[in-house]
file query.tsv (TSV, N, CA and C atoms)
chain	number	residue	atom	x	y	z
Y	260	MET	N	-9.96	10.91	12.30
Y	260	MET	CA	-9.87	9.82	11.35
Y	260	MET	C	-8.68	10.07	10.42
Y	261	ARG	N	-7.98	9.02	10.11
Y	261	ARG	CA	-6.78	9.14	9.28
Y	261	ARG	C	-7.10	9.12	7.80
Y	262	ASP	N	-6.27	9.78	7.04
Y	262	ASP	CA	-6.32	9.69	5.58
Y	262	ASP	C	-5.44	8.50	5.20
Y	263	MET	N	-6.06	7.34	5.04
Y	263	MET	CA	-5.28	6.11	4.84
Y	263	MET	C	-4.53	6.11	3.53
Y	264	SER	N	-5.03	6.79	2.52
Y	264	SER	CA	-4.27	6.82	1.27
Y	264	SER	C	-2.96	7.58	1.47
Y	265	GLN	N	-2.99	8.65	2.27
Y	265	GLN	CA	-1.76	9.39	2.55
Y	265	GLN	C	-0.82	8.55	3.42
Y	266	VAL	N	-1.37	7.87	4.41
Y	266	VAL	CA	-0.56	7.01	5.28
Y	266	VAL	C	0.14	5.94	4.44
Y	267	LEU	N	-0.62	5.29	3.56
Y	267	LEU	CA	-0.05	4.20	2.76
Y	267	LEU	C	0.89	4.72	1.66
Y	268	GLU	N	0.64	5.91	1.15
Y	268	GLU	CA	1.58	6.49	0.18
Y	268	GLU	C	2.92	6.77	0.85
Y	269	ARG	N	2.88	7.29	2.06
Y	269	ARG	CA	4.12	7.53	2.80
Y	269	ARG	C	4.82	6.22	3.13
Y	270	TRP	N	4.03	5.19	3.50
Y	270	TRP	CA	4.61	3.87	3.75
Y	270	TRP	C	5.28	3.34	2.48
Y	271	GLY	N	4.62	3.50	1.33
Y	271	GLY	CA	5.18	3.04	0.07
Y	271	GLY	C	6.49	3.73	-0.25
Y	272	GLY	N	6.56	5.04	-0.01
Y	272	GLY	CA	7.82	5.77	-0.21
Y	272	GLY	C	8.90	5.28	0.72
Y	273	TRP	N	8.52	4.99	1.95
Y	273	TRP	CA	9.49	4.47	2.94
Y	273	TRP	C	9.98	3.09	2.53
Y	274	ALA	N	9.06	2.22	2.10
Y	274	ALA	CA	9.42	0.85	1.74
Y	274	ALA	C	10.27	0.82	0.46
Y	275	ARG	N	10.07	1.78	-0.45
Y	275	ARG	CA	10.87	1.84	-1.67
Y	275	ARG	C	12.27	2.35	-1.41
Y	276	SER	N	12.44	3.13	-0.35
Y	276	SER	CA	13.76	3.69	-0.07
Y	276	SER	C	14.72	2.61	0.40
Y	277	ASP	N	15.97	2.81	0.15
Y	277	ASP	CA	16.99	1.82	0.52
Y	277	ASP	C	17.20	1.74	2.02
Y	278	SER	N	16.83	2.78	2.73
Y	278	SER	CA	17.10	2.82	4.17
Y	278	SER	C	16.03	2.15	5.01
Y	279	SER	N	14.97	1.63	4.38
Y	279	SER	CA	13.87	1.07	5.17
Y	279	SER	C	14.26	-0.22	5.87
Y	280	GLY	N	15.17	-0.99	5.31
Y	280	GLY	CA	15.55	-2.26	5.92
Y	280	GLY	C	14.57	-3.38	5.62
Y	281	VAL	N	13.49	-3.07	4.92
Y	281	VAL	CA	12.50	-4.08	4.56
Y	281	VAL	C	12.75	-4.45	3.11
Y	282	ASP	N	12.86	-5.73	2.84
Y	282	ASP	CA	13.19	-6.18	1.49
Y	282	ASP	C	11.94	-6.63	0.76
Y	283	TYR	N	11.53	-5.85	-0.23
Y	283	TYR	CA	10.43	-6.23	-1.10
Y	283	TYR	C	11.02	-6.58	-2.44
Y	284	SER	N	10.40	-7.50	-3.13
Y	284	SER	CA	10.85	-7.91	-4.44
Y	284	SER	C	10.92	-6.70	-5.36
Y	285	SER	N	11.91	-6.69	-6.23
Y	285	SER	CA	12.08	-5.52	-7.10
Y	285	SER	C	11.01	-5.44	-8.18
Y	286	ILE	N	10.30	-6.51	-8.40
Y	286	ILE	CA	9.24	-6.51	-9.42
Y	286	ILE	C	8.12	-7.42	-8.96
Y	287	ALA	N	6.91	-6.97	-9.14
Y	287	ALA	CA	5.76	-7.79	-8.76
Y	287	ALA	C	5.47	-8.77	-9.89
Y	288	ALA	N	5.18	-9.99	-9.54
Y	288	ALA	CA	4.93	-11.03	-10.53
Y	288	ALA	C	3.76	-10.64	-11.43
Y	289	GLY	N	4.00	-10.71	-12.74
Y	289	GLY	CA	2.95	-10.41	-13.70
Y	289	GLY	C	2.79	-8.95	-14.04
Y	290	PHE	N	3.56	-8.08	-13.42
Y	290	PHE	CA	3.40	-6.65	-13.66
Y	290	PHE	C	4.67	-6.00	-14.19
Y	291	LYS	N	5.52	-6.77	-14.85
Y	291	LYS	CA	6.81	-6.27	-15.29
Y	291	LYS	C	6.71	-5.04	-16.19
Y	292	GLY	N	5.81	-5.05	-17.15
Y	292	GLY	CA	5.71	-3.93	-18.07
Y	292	GLY	C	4.87	-2.78	-17.57
Y	293	LEU	N	4.29	-2.90	-16.39
Y	293	LEU	CA	3.36	-1.89	-15.91
Y	293	LEU	C	3.98	-0.88	-14.96
Y	294	LEU	N	5.20	-1.11	-14.50
Y	294	LEU	CA	5.80	-0.20	-13.54
Y	294	LEU	C	6.18	1.12	-14.20
Y	295	PRO	N	5.93	2.22	-13.50
Y	295	PRO	CA	6.30	3.52	-14.08
Y	295	PRO	C	7.81	3.65	-14.21
Y	296	GLN	N	8.23	4.29	-15.29
Y	296	GLN	CA	9.65	4.42	-15.58
Y	296	GLN	C	10.28	5.64	-14.92
Y	297	ASP	N	9.50	6.72	-14.80
Y	297	ASP	CA	10.08	7.93	-14.23
Y	297	ASP	C	9.90	7.93	-12.72
Y	298	SER	N	10.89	8.46	-12.03
Y	298	SER	CA	10.79	8.51	-10.58
Y	298	SER	C	10.51	9.95	-10.16
Y	299	LYS	N	9.58	10.12	-9.26
Y	299	LYS	CA	9.21	11.42	-8.75
Y	299	LYS	C	9.67	11.51	-7.31
Y	300	ILE	N	9.69	12.70	-6.80
Y	300	ILE	CA	9.98	12.87	-5.38
Y	300	ILE	C	8.75	12.37	-4.63
Y	301	THR	N	8.97	11.43	-3.71
Y	301	THR	CA	7.85	10.86	-2.99
Y	301	THR	C	7.94	11.17	-1.51
Y	302	LEU	N	6.78	11.21	-0.90
Y	302	LEU	CA	6.71	11.39	0.54
Y	302	LEU	C	7.11	10.10	1.22
Y	303	SER	N	7.62	10.21	2.40
Y	303	SER	CA	8.03	9.04	3.15
Y	303	SER	C	7.64	9.23	4.60
Y	304	CYS	N	7.72	8.17	5.36
Y	304	CYS	CA	7.44	8.25	6.79
Y	304	CYS	C	8.69	7.86	7.56
Y	305	SER	N	8.63	8.02	8.86
Y	305	SER	CA	9.78	7.65	9.69
Y	305	SER	C	9.91	6.14	9.75
Y	306	ASP	N	11.05	5.67	10.18
Y	306	ASP	CA	11.26	4.22	10.33
Y	306	ASP	C	10.29	3.62	11.33
Y	307	ASP	N	10.04	4.32	12.42
Y	307	ASP	CA	9.10	3.82	13.42
Y	307	ASP	C	7.70	3.66	12.84
Y	308	ASP	N	7.24	4.71	12.13
Y	308	ASP	CA	5.92	4.64	11.50
Y	308	ASP	C	5.87	3.54	10.45
Y	309	GLY	N	6.92	3.44	9.65
Y	309	GLY	CA	6.97	2.41	8.61
Y	309	GLY	C	6.87	1.01	9.18
Y	310	LEU	N	7.55	0.77	10.28
Y	310	LEU	CA	7.50	-0.56	10.90
Y	310	LEU	C	6.14	-0.85	11.51
Y	311	ILE	N	5.49	0.17	12.07
Y	311	ILE	CA	4.15	-0.01	12.62
Y	311	ILE	C	3.17	-0.36	11.50
Y	312	ILE	N	3.23	0.39	10.41
Y	312	ILE	CA	2.35	0.14	9.27
Y	312	ILE	C	2.64	-1.23	8.68
Y	313	ASP	N	3.92	-1.59	8.59
Y	313	ASP	CA	4.31	-2.91	8.09
Y	313	ASP	C	3.72	-4.03	8.93
Y	314	SER	N	3.67	-3.86	10.24
Y	314	SER	CA	3.10	-4.89	11.10
Y	314	SER	C	1.59	-5.02	10.86
Y	315	CYS	N	0.93	-3.91	10.61
Y	315	CYS	CA	-0.51	-3.96	10.28
Y	315	CYS	C	-0.73	-4.64	8.93
Y	316	LEU	N	0.16	-4.38	7.98
Y	316	LEU	CA	0.05	-5.03	6.68
Y	316	LEU	C	0.34	-6.53	6.78
Y	317	ALA	N	1.17	-6.92	7.72
Y	317	ALA	CA	1.43	-8.35	7.93
Y	317	ALA	C	0.16	-9.06	8.42
Y	318	LYS	N	-0.60	-8.38	9.28
Y	318	LYS	CA	-1.89	-8.93	9.73
Y	318	LYS	C	-2.85	-9.07	8.54
Y	319	LEU	N	-2.87	-8.03	7.69
Y	319	LEU	CA	-3.72	-8.07	6.51
Y	319	LEU	C	-3.33	-9.22	5.59
Y	320	LYS	N	-2.03	-9.43	5.42
Y	320	LYS	CA	-1.54	-10.48	4.54
Y	320	LYS	C	-1.98	-11.86	5.03
Y	321	SER	N	-1.98	-12.06	6.34
Y	321	SER	CA	-2.35	-13.38	6.87
Y	321	SER	C	-3.85	-13.62	6.78
Y	322	ARG	N	-4.65	-12.57	6.79
Y	322	ARG	CA	-6.11	-12.74	6.77
Y	322	ARG	C	-6.74	-12.53	5.40
Y	323	ARG	N	-6.21	-11.60	4.64
Y	323	ARG	CA	-6.77	-11.27	3.33
Y	323	ARG	C	-5.64	-11.03	2.33
Y	324	PRO	N	-5.00	-12.10	1.85
Y	324	PRO	CA	-3.82	-11.93	0.99
Y	324	PRO	C	-4.11	-11.20	-0.32
Y	325	ASP	N	-5.31	-11.35	-0.87
Y	325	ASP	CA	-5.64	-10.65	-2.11
Y	325	ASP	C	-5.68	-9.14	-1.92
Y	326	GLU	N	-6.21	-8.68	-0.79
Y	326	GLU	CA	-6.25	-7.25	-0.51
Y	326	GLU	C	-4.85	-6.72	-0.18
Y	327	TYR	N	-4.05	-7.53	0.49
Y	327	TYR	CA	-2.67	-7.15	0.78
Y	327	TYR	C	-1.91	-6.94	-0.54
Y	328	GLU	N	-2.11	-7.84	-1.48
Y	328	GLU	CA	-1.43	-7.73	-2.77
Y	328	GLU	C	-1.82	-6.43	-3.48
Y	329	LEU	N	-3.08	-6.06	-3.41
Y	329	LEU	CA	-3.52	-4.81	-4.03
Y	329	LEU	C	-2.84	-3.60	-3.38
Y	330	ILE	N	-2.74	-3.61	-2.05
Y	330	ILE	CA	-2.08	-2.51	-1.34
Y	330	ILE	C	-0.63	-2.39	-1.80
Y	331	VAL	N	0.06	-3.51	-1.86
Y	331	VAL	CA	1.48	-3.50	-2.25
Y	331	VAL	C	1.63	-3.04	-3.70
Y	332	LEU	N	0.81	-3.57	-4.59
Y	332	LEU	CA	0.92	-3.20	-5.99
Y	332	LEU	C	0.61	-1.71	-6.21
Y	333	HIS	N	-0.40	-1.22	-5.51
Y	333	HIS	CA	-0.81	0.17	-5.74
Y	333	HIS	C	0.10	1.17	-5.02
Y	334	TYR	N	0.39	0.93	-3.75
Y	334	TYR	CA	1.13	1.93	-2.98
Y	334	TYR	C	2.65	1.74	-3.03
Y	335	LEU	N	3.12	0.52	-3.12
Y	335	LEU	CA	4.56	0.29	-3.17
Y	335	LEU	C	5.08	0.38	-4.59
Y	336	TYR	N	4.42	-0.32	-5.51
Y	336	TYR	CA	4.87	-0.35	-6.90
Y	336	TYR	C	4.21	0.73	-7.77
Y	337	GLN	N	3.29	1.48	-7.18
Y	337	GLN	CA	2.62	2.62	-7.83
Y	337	GLN	C	1.91	2.24	-9.13
Y	338	ILE	N	1.26	1.11	-9.13
Y	338	ILE	CA	0.47	0.69	-10.28
Y	338	ILE	C	-0.94	1.26	-10.09
Y	339	SER	N	-1.45	1.91	-11.12
Y	339	SER	CA	-2.75	2.57	-11.01
Y	339	SER	C	-3.87	1.54	-10.85
Y	340	LYS	N	-4.97	2.02	-10.30
Y	340	LYS	CA	-6.14	1.16	-10.10
Y	340	LYS	C	-6.67	0.67	-11.44
Y	341	ARG	N	-6.59	1.52	-12.44
Y	341	ARG	CA	-7.07	1.13	-13.76
Y	341	ARG	C	-6.24	-0.02	-14.33
Y	342	LYS	N	-4.92	0.05	-14.18
Y	342	LYS	CA	-4.06	-1.03	-14.67
Y	342	LYS	C	-4.27	-2.31	-13.87
Y	343	LEU	N	-4.49	-2.17	-12.57
Y	343	LEU	CA	-4.78	-3.35	-11.75
Y	343	LEU	C	-6.07	-4.02	-12.21
Y	344	ALA	N	-7.08	-3.22	-12.50
Y	344	ALA	CA	-8.36	-3.76	-12.97
Y	344	ALA	C	-8.20	-4.42	-14.34
Y	345	ARG	N	-7.45	-3.79	-15.21
Y	345	ARG	CA	-7.24	-4.36	-16.53
Y	345	ARG	C	-6.52	-5.70	-16.45
Y	346	ASN	N	-5.51	-5.78	-15.59
Y	346	ASN	CA	-4.76	-7.03	-15.45
Y	346	ASN	C	-5.61	-8.12	-14.80
Y	347	ALA	N	-6.48	-7.74	-13.87
Y	347	ALA	CA	-7.35	-8.70	-13.20
Y	347	ALA	C	-8.61	-9.00	-14.02
Y	348	ARG	N	-8.77	-8.28	-15.12
Y	348	ARG	CA	-9.94	-8.43	-15.99
Y	348	ARG	C	-11.25	-8.27	-15.21
Y	349	CYS	N	-11.28	-7.16	-14.46
Y	349	CYS	CA	-12.49	-6.85	-13.70
Y	349	CYS	C	-12.74	-5.35	-13.77
Y	350	ASP	N	-13.85	-4.93	-13.23
Y	350	ASP	CA	-14.22	-3.53	-13.22
Y	350	ASP	C	-13.34	-2.77	-12.23
Y	351	GLU	N	-12.96	-1.55	-12.59
Y	351	GLU	CA	-12.13	-0.73	-11.71
Y	351	GLU	C	-12.84	-0.46	-10.39
Y	352	LYS	N	-14.16	-0.42	-10.41
Y	352	LYS	CA	-14.93	-0.20	-9.19
Y	352	LYS	C	-14.66	-1.30	-8.16
Y	353	LEU	N	-14.51	-2.53	-8.62
Y	353	LEU	CA	-14.22	-3.65	-7.72
Y	353	LEU	C	-12.84	-3.47	-7.08
Y	354	ILE	N	-11.87	-3.02	-7.85
Y	354	ILE	CA	-10.52	-2.76	-7.31
Y	354	ILE	C	-10.58	-1.66	-6.25
Y	355	ARG	N	-11.33	-0.61	-6.54
Y	355	ARG	CA	-11.47	0.50	-5.59
Y	355	ARG	C	-12.11	0.02	-4.28
Y	356	ILE	N	-13.13	-0.81	-4.39
Y	356	ILE	CA	-13.80	-1.33	-3.20
Y	356	ILE	C	-12.85	-2.20	-2.38
Y	357	LYS	N	-12.11	-3.08	-3.06
Y	357	LYS	CA	-11.17	-3.94	-2.35
Y	357	LYS	C	-10.07	-3.13	-1.68
Y	358	LEU	N	-9.58	-2.09	-2.36
Y	358	LEU	CA	-8.57	-1.23	-1.75
Y	358	LEU	C	-9.13	-0.50	-0.53
Y	359	GLN	N	-10.37	-0.04	-0.62
Y	359	GLN	CA	-10.98	0.64	0.52
Y	359	GLN	C	-11.14	-0.31	1.70
Y	360	MET	N	-11.51	-1.56	1.42
Y	360	MET	CA	-11.63	-2.54	2.50
Y	360	MET	C	-10.28	-2.80	3.14
Y	361	ALA	N	-9.23	-2.92	2.32
Y	361	ALA	CA	-7.89	-3.16	2.84
Y	361	ALA	C	-7.41	-1.96	3.65
Y	362	GLU	N	-7.66	-0.75	3.15
Y	362	GLU	CA	-7.28	0.46	3.88
Y	362	GLU	C	-8.02	0.53	5.22
Y	363	GLY	N	-9.29	0.13	5.22
Y	363	GLY	CA	-10.06	0.10	6.46
Y	363	GLY	C	-9.50	-0.90	7.46
Y	364	PHE	N	-9.05	-2.04	6.96
Y	364	PHE	CA	-8.44	-3.05	7.83
Y	364	PHE	C	-7.17	-2.51	8.47
Y	365	VAL	N	-6.33	-1.86	7.66
Y	365	VAL	CA	-5.08	-1.30	8.18
Y	365	VAL	C	-5.38	-0.19	9.19
Y	366	ASP	N	-6.36	0.65	8.89
Y	366	ASP	CA	-6.76	1.71	9.82
Y	366	ASP	C	-7.25	1.11	11.13
Y	367	GLY	N	-8.05	0.06	11.05
Y	367	GLY	CA	-8.52	-0.61	12.26
Y	367	GLY	C	-7.38	-1.23	13.06
Y	368	SER	N	-6.42	-1.78	12.36
Y	368	SER	CA	-5.25	-2.36	13.03
Y	368	SER	C	-4.45	-1.27	13.75
Y	369	LEU	N	-4.29	-0.13	13.08
Y	369	LEU	CA	-3.57	0.99	13.71
Y	369	LEU	C	-4.33	1.49	14.94
Y	370	CYS	N	-5.65	1.54	14.83
Y	370	CYS	CA	-6.46	1.98	15.97
Y	370	CYS	C	-6.37	0.99	17.12
Y	371	SER	N	-6.38	-0.31	16.82
Y	371	SER	CA	-6.30	-1.31	17.88
Y	371	SER	C	-4.94	-1.27	18.59
Y	372	LEU	N	-3.92	-0.84	17.86
Y	372	LEU	CA	-2.60	-0.68	18.47
Y	372	LEU	C	-2.47	0.66	19.20
Y	373	ASN	N	-3.49	1.51	19.03
Y	373	ASN	CA	-3.47	2.86	19.58
Y	373	ASN	C	-2.23	3.60	19.09
Y	374	ALA	N	-1.90	3.39	17.81
Y	374	ALA	CA	-0.70	3.98	17.22
Y	374	ALA	C	-0.94	5.42	16.83
Y	375	LYS	N	-0.03	6.27	17.23
Y	375	LYS	CA	-0.04	7.67	16.83
Y	375	LYS	C	1.14	7.85	15.87
Y	376	LEU	N	0.84	8.07	14.60
Y	376	LEU	CA	1.89	8.22	13.61
Y	376	LEU	C	2.46	9.62	13.66
Y	377	PHE	N	3.74	9.74	13.37
Y	377	PHE	CA	4.47	11.00	13.51
Y	377	PHE	C	3.90	12.11	12.62
Y	378	PHE	N	3.52	11.79	11.38
Y	378	PHE	CA	3.13	12.82	10.42
Y	378	PHE	C	1.68	13.19	10.52
Y	379	GLU	N	0.95	12.66	11.47
Y	379	GLU	CA	-0.47	13.01	11.61
Y	379	GLU	C	-0.63	14.30	12.38

call {"tool": "encode", "arguments": {"input": "query.tsv", "output": "structure tokens"}}
result
Amino acid sequence: MRDMSQVLERWGGWARSDSSGVDYSSIAAGFKGLLPQDSKITLSCSDDDGLIIDSCLAKLKSRRPDEYELIVLHYLYQISKRKLARNARCDEKLIRIKLQMAEGFVDGSLCSLNAKLFFE
């Protein structure tokens, strides 16, 4: 079984890098003041792995756009679950549950593709 938080953290590092070739908006709508200012050394994945994960996230976006948005905000823009809950005016537990459901969807998509990621 995969550690989906590690998989998605590596995807987020890959998507933030300039070499990924995937263009994400530089700021998420409504979260301008919430982005961390300091940059840390982040883990990344290979281009092949990043594109595979991106295709799974595209499936998630078409079926569950709210969960896709949480994945992008948390793993790509590195917004904490607590800040996401505060902005959504809901309990942090609900954010955690939605993130787990989204991570499970991505894991299922990777399994259905029979994808073997390089860093596993």

call {"tool": "atom_distance", "arguments": {"input": "query.tsv", "atom1": "atom C of Pro324 in chain Y", "atom2": "atom C of Phe377 in chain Y"}}
result
27.8 Å

call {"tool": "closest_residue", "arguments": {"input": "query.tsv", "among": "Y:Ser264, Y:Ala374, Y:Ile311, Y:Glu326", "to": "Lys357 in chain Y", "atoms": "only N, CA and C atoms"}}
result
Y:Glu326

call {"tool": "closest_residue", "arguments": {"input": "query.tsv", "among": "Y:Glu351, Y:Asp366, Y:Asp262, Y:Asp306", "to": "Lys318 in chain Y", "atoms": "only C-alpha atoms"}}
result
Y:Asp366

call {"tool": "atom_distance", "arguments": {"input": "query.tsv", "atom1": "CA of Arg341 in chain Y", "atom2": "CA of Phe364 in chain Y"}}
result
22.0 Å

call {"tool": "closest_residue", "arguments": {"input": "query.tsv", "among": "Y:Tyr336, Y:Leu329, Y:Ser321, Y:Leu372", "to": "Leu358 in chain Y", "atoms": "all atoms listed in the file"}}
result
Y:Leu329

call {"tool": "closest_residue", "arguments": {"input": "query.tsv", "among": "Y:Leu369, Y:Leu353, Y:Arg348, Y:Ile338", "to": "Ser314 in chain Y", "atoms": "only N, CA and C atoms"}}
result
Y:Leu369

call {"tool": "residues_around", "arguments": {"input": "query.tsv", "residues": "Leu267 in chain Y", "least_positions_apart": "3", "cutoff": "10 Å", "atoms": "only C-alpha atoms", "output": "PyMOL selection string"}}
result
chain Y and resi 262-264+270-273+303-304+309+312-313+330-331+333-335+362+365

call {"tool": "build_atoms", "arguments": {"input": "query.tsv", "residues": "range 323-334 of chain Y", "atoms": "N, CA, C and O atoms", "output": "tab-separated table (two decimals), in the coordinates of the input"}}
result
chain	number	residue	atom	x	y	z
Y	323	ARG	N	-6.21	-11.60	4.64
Y	323	ARG	CA	-6.77	-11.27	3.33
Y	323	ARG	C	-5.64	-11.03	2.33
Y	323	ARG	O	-5.34	-9.88	1.98
Y	324	PRO	N	-5.00	-12.10	1.85
Y	324	PRO	CA	-3.82	-11.93	0.99
Y	324	PRO	C	-4.11	-11.20	-0.32
Y	324	PRO	O	-3.24	-10.49	-0.84
Y	325	ASP	N	-5.31	-11.35	-0.87
Y	325	ASP	CA	-5.64	-10.65	-2.11
Y	325	ASP	C	-5.68	-9.14	-1.92
Y	325	ASP	O	-5.20	-8.38	-2.76
Y	326	GLU	N	-6.21	-8.68	-0.79
Y	326	GLU	CA	-6.25	-7.25	-0.51
Y	326	GLU	C	-4.85	-6.72	-0.18
Y	326	GLU	O	-4.50	-5.60	-0.56
Y	327	TYR	N	-4.05	-7.53	0.49
Y	327	TYR	CA	-2.67	-7.15	0.78
Y	327	TYR	C	-1.91	-6.94	-0.54
Y	327	TYR	O	-1.18	-5.96	-0.69
Y	328	GLU	N	-2.11	-7.84	-1.48
Y	328	GLU	CA	-1.43	-7.73	-2.77
Y	328	GLU	C	-1.82	-6.43	-3.48
Y	328	GLU	O	-0.97	-5.76	-4.07
Y	329	LEU	N	-3.08	-6.06	-3.41
Y	329	LEU	CA	-3.52	-4.81	-4.03
Y	329	LEU	C	-2.84	-3.60	-3.38
Y	329	LEU	O	-2.42	-2.67	-4.08
Y	330	ILE	N	-2.74	-3.61	-2.05
Y	330	ILE	CA	-2.08	-2.51	-1.34
Y	330	ILE	C	-0.63	-2.39	-1.80
Y	330	ILE	O	-0.15	-1.29	-2.12
Y	331	VAL	N	0.06	-3.51	-1.86
Y	331	VAL	CA	1.48	-3.50	-2.25
Y	331	VAL	C	1.63	-3.04	-3.70
Y	331	VAL	O	2.47	-2.19	-4.01
Y	332	LEU	N	0.81	-3.57	-4.59
Y	332	LEU	CA	0.92	-3.20	-5.99
Y	332	LEU	C	0.61	-1.71	-6.21
Y	332	LEU	O	1.27	-1.04	-6.99
Y	333	HIS	N	-0.40	-1.22	-5.51
Y	333	HIS	CA	-0.81	0.17	-5.74
Y	333	HIS	C	0.10	1.17	-5.02
Y	333	HIS	O	0.53	2.16	-5.62
Y	334	TYR	N	0.39	0.93	-3.75
Y	334	TYR	CA	1.13	1.93	-2.98
Y	334	TYR	C	2.65	1.74	-3.03
Y	334	TYR	O	3.39	2.71	-2.99
